file coords.cif (mmCIF, C-alpha atoms)
data_target
loop_
_atom_site.label_atom_id
_atom_site.label_comp_id
_atom_site.auth_asym_id
_atom_site.auth_seq_id
_atom_site.Cartn_x
_atom_site.Cartn_y
_atom_site.Cartn_z
CA MET A 31 -102.03 -175.79 95.64
CA ALA A 32 -100.46 -175.99 92.18
CA THR A 33 -102.78 -173.22 91.01
CA THR A 34 -101.66 -170.98 93.85
CA GLU A 35 -97.98 -171.61 93.11
CA ALA A 36 -98.47 -170.92 89.39
CA HIS A 37 -100.40 -167.77 90.26
CA GLU A 38 -97.60 -166.49 92.49
CA GLN A 39 -94.89 -167.18 89.90
CA GLN A 40 -96.56 -165.16 87.13
CA ASP A 41 -95.83 -161.46 86.80
CA LEU A 42 -99.35 -160.18 86.38
CA GLY A 43 -98.55 -156.50 86.41
CA PHE A 44 -100.53 -155.70 89.53
CA CYS A 45 -98.38 -155.99 92.64
CA ALA A 46 -96.21 -158.44 90.68
CA GLY A 47 -98.97 -161.04 90.88
CA SER A 48 -99.04 -161.32 94.66
CA SER A 49 -101.17 -159.76 97.33
CA CYS A 50 -100.36 -156.19 98.21
CA ALA A 51 -103.50 -155.58 100.25
CA GLN A 52 -101.56 -154.28 103.25
CA GLU A 53 -99.62 -151.82 101.10
CA VAL A 54 -102.81 -150.60 99.40
CA GLN A 55 -104.50 -150.13 102.78
CA ALA A 56 -101.48 -148.21 104.09
CA ALA A 57 -101.50 -145.96 101.00
CA VAL A 58 -105.23 -145.32 101.24
CA LYS A 59 -104.80 -144.46 104.93
CA LEU A 60 -102.45 -141.63 103.88
CA LEU A 61 -105.30 -140.13 101.85
CA ALA A 62 -107.97 -140.76 104.50
CA GLY A 63 -109.15 -138.15 106.93
CA ALA A 64 -110.76 -134.80 106.46
CA TRP A 65 -107.51 -132.87 105.99
CA ALA A 66 -105.21 -135.28 104.13
CA VAL A 67 -106.09 -134.24 100.59
CA PRO A 68 -106.60 -130.51 101.33
CA VAL A 69 -103.06 -130.39 102.77
CA LEU A 70 -101.68 -132.17 99.69
CA GLU A 71 -103.56 -129.76 97.44
CA GLY A 72 -102.40 -126.79 99.46
CA LEU A 73 -98.81 -127.77 98.80
CA ALA A 74 -99.48 -128.71 95.17
CA PHE A 75 -101.03 -125.33 94.30
CA ALA A 76 -98.49 -123.26 96.23
CA THR A 77 -95.91 -121.24 94.33
CA ALA A 78 -92.97 -123.53 93.55
CA ARG A 79 -94.84 -126.17 95.56
CA THR A 80 -93.42 -124.83 98.81
CA CYS A 81 -95.48 -123.30 101.58
CA ARG A 82 -95.01 -121.81 105.01
CA PHE A 83 -97.19 -123.13 107.84
CA ARG A 84 -99.57 -120.15 108.02
CA GLU A 85 -99.97 -120.03 104.26
CA LEU A 86 -100.75 -123.73 104.21
CA GLN A 87 -103.27 -123.21 106.99
CA ARG A 88 -104.99 -120.56 104.87
CA ARG A 89 -104.99 -122.84 101.83
CA ALA A 90 -106.62 -125.67 103.83
CA SER A 91 -109.33 -123.34 105.06
CA GLY A 92 -110.72 -124.31 108.44
CA ILE A 93 -107.90 -126.57 109.58
CA SER A 94 -106.63 -125.99 113.11
CA GLN A 95 -102.93 -125.53 113.93
CA LYS A 96 -102.97 -128.80 115.85
CA GLU A 97 -104.52 -130.76 112.98
CA LEU A 98 -102.18 -129.20 110.40
CA SER A 99 -99.18 -130.06 112.59
CA ARG A 100 -100.46 -133.61 112.95
CA GLN A 101 -101.07 -134.03 109.22
CA LEU A 102 -97.68 -132.57 108.30
CA GLY A 103 -96.02 -134.85 110.86
CA THR A 104 -97.73 -137.89 109.34
CA TYR A 105 -96.64 -136.84 105.86
CA MET A 106 -93.07 -136.11 106.98
CA ASP A 107 -92.84 -139.52 108.67
CA ALA A 108 -94.02 -141.14 105.44
CA GLY A 109 -91.53 -139.16 103.33
CA ILE A 110 -94.31 -137.29 101.51
CA VAL A 111 -93.46 -133.81 102.76
CA HIS A 112 -90.06 -132.26 103.42
CA ARG A 113 -89.61 -129.59 106.08
CA GLN A 114 -86.88 -127.06 105.47
CA ALA A 115 -85.82 -124.56 108.13
CA LEU A 116 -84.52 -121.54 106.25
CA SER A 117 -83.90 -119.56 109.45
CA ALA A 118 -84.95 -119.72 113.08
CA GLN A 119 -88.35 -118.26 112.20
CA ARG A 120 -88.84 -119.34 108.60
CA VAL A 121 -89.82 -122.92 107.83
CA GLU A 122 -91.16 -124.14 104.52
CA TYR A 123 -92.85 -127.37 103.58
CA ARG A 124 -92.78 -128.97 100.17
CA LEU A 125 -93.87 -132.17 98.53
CA SER A 126 -91.17 -134.77 98.01
CA ALA A 127 -91.05 -136.96 94.90
CA ARG A 128 -93.03 -139.49 96.93
CA GLY A 129 -95.56 -136.75 97.72
CA GLU A 130 -95.87 -135.84 94.05
CA ALA A 131 -96.57 -139.51 93.31
CA LEU A 132 -99.23 -139.64 96.03
CA LEU A 133 -100.78 -136.48 94.60
CA ALA A 134 -100.98 -138.18 91.21
CA ILE A 135 -102.72 -141.15 92.83
CA ALA A 136 -105.17 -138.84 94.60
CA ASP A 137 -105.84 -137.11 91.27
CA THR A 138 -106.49 -140.47 89.58
CA LEU A 139 -108.92 -141.42 92.35
CA GLY A 140 -110.68 -138.08 91.97
CA GLN A 141 -110.95 -138.47 88.20
CA TRP A 142 -112.23 -142.02 88.65
CA LYS A 143 -114.91 -140.79 91.06
CA LYS A 144 -115.97 -138.01 88.68
CA ALA A 145 -116.22 -140.41 85.73
CA GLU A 146 -119.49 -141.92 84.66
CA PRO A 147 -119.81 -145.53 85.82
CA ALA A 148 -119.42 -146.79 82.26
CA ARG A 149 -116.18 -144.81 81.83
CA ALA A 150 -114.74 -145.67 85.24
CA ALA A 151 -113.49 -149.04 83.97
CA SER A 152 -111.27 -147.25 81.43
CA PHE A 153 -108.99 -146.14 84.27
CA VAL A 154 -108.02 -149.76 84.98
CA ASP A 155 -107.14 -152.63 82.67
CA VAL A 156 -109.78 -155.03 83.97
CA ARG A 157 -108.17 -157.98 82.16
CA LYS A 158 -105.07 -157.62 84.32
CA LEU A 159 -107.17 -157.43 87.46
CA ARG A 160 -109.00 -160.64 86.53
CA SER A 161 -105.71 -162.54 86.66
CA SER A 162 -104.33 -160.91 89.78
CA TRP A 163 -104.71 -161.34 93.52
CA LEU A 164 -108.04 -159.54 93.09
CA THR A 165 -109.45 -162.40 90.99
CA PRO A 166 -111.66 -163.77 93.79
CA LEU A 167 -113.25 -160.33 94.17
CA MET A 168 -113.93 -159.77 90.48
CA PRO A 169 -117.22 -160.75 88.75
CA ALA A 170 -117.09 -163.46 86.10
CA SER A 171 -118.07 -161.05 83.32
CA ALA A 172 -117.45 -157.35 82.81
CA ASP A 173 -121.21 -156.67 83.02
CA GLU A 174 -121.59 -158.17 86.50
CA PRO A 175 -121.42 -155.77 89.43
CA LEU A 176 -118.68 -156.14 92.02
CA SER A 177 -119.97 -157.62 95.25
#

call {"tool": "encode", "arguments": {"input": "coords.cif", "output": "structure tokens"}}
result
Amino acid sequence: MATTEAHEQQDLGFCAGSSCAQEVQAAVKLLAGAWAVPVLEGLAFATARTCRFRELQRRASGISQKELSRQLGTYMDAGIVHRQALSAQRVEYRLSARGEALLAIADTLGQWKKAEPARAASFVDVRKLRSSWLTPLMPASADEPLS
């Protein structure tokens, strides 16, 4: 019990030393699904990072209108995408600051996946993870595989 209390009082840098599993799962859910990242990329690579619906549909090649509407709705509800009606027939979508941050996270995940296994650890300070809420999940030494 004393160990748990001491663990919770330390600021360990990762989720302030306490469990943030639910928040991580919620964030990962925003990137899950076949169209989540293509829609983010479509907005990221658009001129001035704004895009009309049809243009975004072309950028995320193969996405249906229904699925694009659903994905944009999810992102708008989460504050990741802003919808701006410029006129009755002209609506543009753009990434919010929160969306830009999520795009950076998606990019980091992509870079981590591309990295060689030996280099993948350089994306994370493993020493901080060893003293965080992830401690029970981490191997005793850096050479041990995660289970």

call {"tool": "resolve_selection", "arguments": {"input": "coords.cif", "expression": "the PyMOL selection byres ((chain A and resi 71) around 12)", "output": "ChimeraX atom specification"}}
result
/A:61,65-70,72-77,79-81,86-91,124-125,129-130,132-134,136-137

call {"tool": "closest_residue", "arguments": {"input": "coords.cif", "among": "A:Asp107, A:Glu85, A:Leu102, A:Leu60", "to": "A:Arg120", "atoms": "all atoms listed in the file"}}
result
A:Glu85

call {"tool": "axis_aligned_box", "arguments": {"input": "coords.cif", "around": "stretch 93-111 of chain A", "padding_each_side": "8 Å", "output": "JSON"}}
result
{"center_x": -99.7, "center_y": -133.3, "center_z": 108.7, "size_x": 32.4, "size_y": 31.6, "size_z": 30.3}
